[in-house]
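Read the structure below first, then the notes.
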Amino acid sequence: MTMSDLRQPKPRGFGLCSRIVYVHQGILLAVFVAGLRVYPARGIDELVLPHWLGIVLSIAVLIAMFGVATRTSLNALNWLRAILWIGVIKILVVQLWLLAEGQTELESYVRAMFINEGVAIPLAIYWSRSVHSTYIASLQGS
């Protein structure tokens with residue numbers, strides 16, 4: 001039995017979910033950068049910090065996803081998992097804070113964040129599955 005016989009098959013949806021992460025984070029980067037220009041001009045300064053944090057998290061996710069998809073790095077997978085869940089929690093905290101503020105001009109922003117959660121949570125769950133660690137470990141052993 002050779003080492004290649006011990007290699008695990010690629011998890012179902014690995015390529016598709018990798019591409020979804022790239023597209024999702026690219027869209028978020030565009031939205032966050034645009035938001036840094038639009039919201040302060042409208043006098044909504046309380047969204048500047050969440051947008052900067054969103055930019056940092058999106059870039060970190062893209063770097064970690066690249067490490068998982070191309071270099072098949074267990075360390076990058078662990079970072080990807082952590083950053084995706086931090087992003088989910090950040091979105092939830094910002095949503096709750098905005099809802100508590102009750103600013104009506106931000107209703108469309110809150111709705112967009114709910115839609116974002118609809119993508120972010122399944123991605124975080126998908127990449128948290130243990131099958132990914134097993135797959136990447138099998139590649140590193142061969």
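A note on labels: chains of the structure tokens are A, B, ... as shown, every chain counts residues from 1, and ligands are counted from 1 in their shown order.
Close contacts of Arg81 in chain A, defined as residues with an atom at most 6 Å away when counting only C-alpha atoms, with chain neighbours fewer than 3 positions off set aside, comprise Asn78, Leu84 and Ser128 of chain A.
For Val38 in chain A, the non-local neighbours within 12 Å, defined as residues at least 6 positions apart in the same chain or in other chains and counting only C-alpha atoms, are A:Val31, A:Phe32, A:Ile44, A:Asp45, A:Leu47, A:Val48, A:His51.
Each of A:Arg71, A:Ile136, A:Ile86, A:Trp127 was checked against Gly13 in chain A using only C-alpha atoms; the smallest atom-to-atom distance is that of A:Trp127.
Taking only C-alpha atoms into account, Gly35 in chain A lies nearest to A:Leu49 out of the set A:Thr134, A:Pro11, A:Leu49, A:Val23.
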